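Here's the structure we're looking at; comments come further down.
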Amino acid sequence: MNSKKIRVAIVEDDPNQMDYIIRCLADDYEALPFEDAGSFMRLYARQAPDLLLLDWMLPGISGIELVTRLRLLGNPIPIIMLSARCDEDSLVDALEAGANDFMVKPVRRRELNARLGALYRAALALSSDRYPEPRVGKGPGHIC
């Protein structure tokens with residue numbers, strides 16, 4: 001990772017889950033904890049984090065409602081939805097609402113960090129148009 005830590009907003013109302021996730025991210029990420037969608041949106045208006053970990057079940061505005069609202073506003077923040085729900089319909093609902101990924105709680109530390117890293121790399125590549133033109137032929141960097 002870079003010397004500047006990637007900022008990950010965590011919207012989770014369960015203090016035990018929040019503490020666990022913060023510990024999982026401590027080595028590689030700057031964790032920005034929020035107990036509800038409203039407090040997250042107030043921060044987002046001032047300074048957007050790089051990634052969002054979002055619990056499905058929240059007081060007030062649910063996580064799925066927040067994803068939907070962010071996407072309707074054209075907000076591209078990469079989002080991983082967290083939920084105790086483990087059924088296929090919930091996963092599909094989250095992805096169709098605009099989440100980039102879905103993890104069932106309790107999350108596993110290494111998997112969470114790997115998914116955040118992959119999502120950040122993908123978002124960075126898309127935002128900077130870093131995909132090189134494919135080269136045809138033989139040798140390094142060529143596709144054929």
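Chain identifiers are assigned as A, B, and so on, following the order in which chains appear in the structure tokens; residues are numbered from 1 within each chain, and ligands are numbered from 1 in order of appearance.
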**Message:** What's around A:Ile10 at 6 Å? Count only C-alpha atoms, leave out sequence neighbours fewer than 4 positions away in its own chain, and write the answer as a ChimeraX atom specification.
**Reply:** /A:32-34,53
**Request:** Write out as a PyMOL selection string all residues of stretch 30-108 of chain A that DSSP puts in helix (DSSP H, G or I) for this structure's backbone.
**Result:** chain A and resi 37-46+63-72+88-97
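If you measure from each of A:Met103, A:Ile77, A:Leu66, A:Ala114 to A:Arg7 using only C-alpha atoms, the closest one turns out to be A:Ile77.
For stretch 10-53 of chain A, backbone-based DSSP labels the following residues as strand (DSSP E or B): Ile10, Val11, Tyr29, Glu30, Ala31, Leu32, Pro33, Phe34, Leu51, Leu52 and Leu53 of chain A.
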**Request:** List the neighbours of A:Lys5 out to 10 Å using only C-alpha atoms; skip same-chain residues closer than 3 positions along the sequence, and give me the result as a PyMOL selection string.
**Result:** chain A and resi 1-2+8+26-31+50
Those residues you just picked out, can you put them in a file as a compact mmCIF listing (two decimals), in the first residue's frame with N, CA and C atoms?
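This went into result15.txt:
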# COMPACT_ATOMS: atom_id res chain seq x y z
N MET A 1 0.83 -1.17 0.00
CA MET A 1 0.00 0.00 0.00
C MET A 1 0.89 1.25 0.00
N ASN A 2 0.31 2.36 -0.31
CA ASN A 2 1.05 3.62 -0.30
C ASN A 2 1.38 4.03 1.13
N VAL A 8 -11.06 4.34 4.59
CA VAL A 8 -12.23 3.47 4.47
C VAL A 8 -13.28 3.91 5.48
N ALA A 26 -6.55 -2.02 10.64
CA ALA A 26 -5.58 -1.12 11.28
C ALA A 26 -4.22 -1.07 10.59
N ASP A 27 -3.72 -2.16 10.07
CA ASP A 27 -2.37 -2.16 9.49
C ASP A 27 -2.29 -1.44 8.15
N ASP A 28 -3.34 -1.52 7.35
CA ASP A 28 -3.26 -1.04 5.98
C ASP A 28 -4.17 0.12 5.61
N TYR A 29 -5.15 0.42 6.44
CA TYR A 29 -6.16 1.40 6.07
C TYR A 29 -6.40 2.38 7.22
N GLU A 30 -6.88 3.56 6.86
CA GLU A 30 -7.36 4.51 7.86
C GLU A 30 -8.87 4.31 7.97
N ALA A 31 -9.32 3.83 9.12
CA ALA A 31 -10.74 3.55 9.34
C ALA A 31 -11.46 4.80 9.82
N ASP A 50 -12.06 6.93 0.41
CA ASP A 50 -11.71 6.18 -0.79
C ASP A 50 -12.62 4.99 -1.02
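Across A:Ala37, A:Met18, A:Ala97, A:Ala9, the tightest approach to A:Ile64 is made by A:Ala97 when counting only C-alpha atoms.
The residue that comes closest to A:Ser39, out of A:Asp19, A:Arg69, A:Leu82, A:Leu58 and on the basis of only C-alpha atoms, is A:Leu58.
Taking only C-alpha atoms, the non-local environment of A:Pro106 within 12 Å (same-chain residues fewer than 3 positions away omitted) comprises Asp14, Asn16, Gln17, Met18, Tyr20, Ile21, Cys24, Asp55, Leu82, Ser83, Ala84, Arg85, Cys86, Met103, Arg109, Glu111 and Leu112 of chain A.
You can rank A:Leu119, A:Ile80, A:Ala94, A:Leu51 by their closest distance to A:Val107 using only C-alpha atoms, and at the top of that list sits A:Ile80.
Take atom CA of A:Leu72 and atom CA of A:Ala99: the distance between them is 12.3 Å.
Nearest residue to A:Ala48, choosing from A:Arg71, A:Pro76, A:Ser90, A:Asp13 and counting only C-alpha atoms: A:Pro76.
Atom pair atom CA of A:Glu96 / atom CA of A:Ala45 has a distance of 24.4 Å (rounded to one decimal).
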**Asked** Any idea what the distance is between atom CA of A:Val11 and atom CA of A:Ser127?
**Response** 24.0 Å
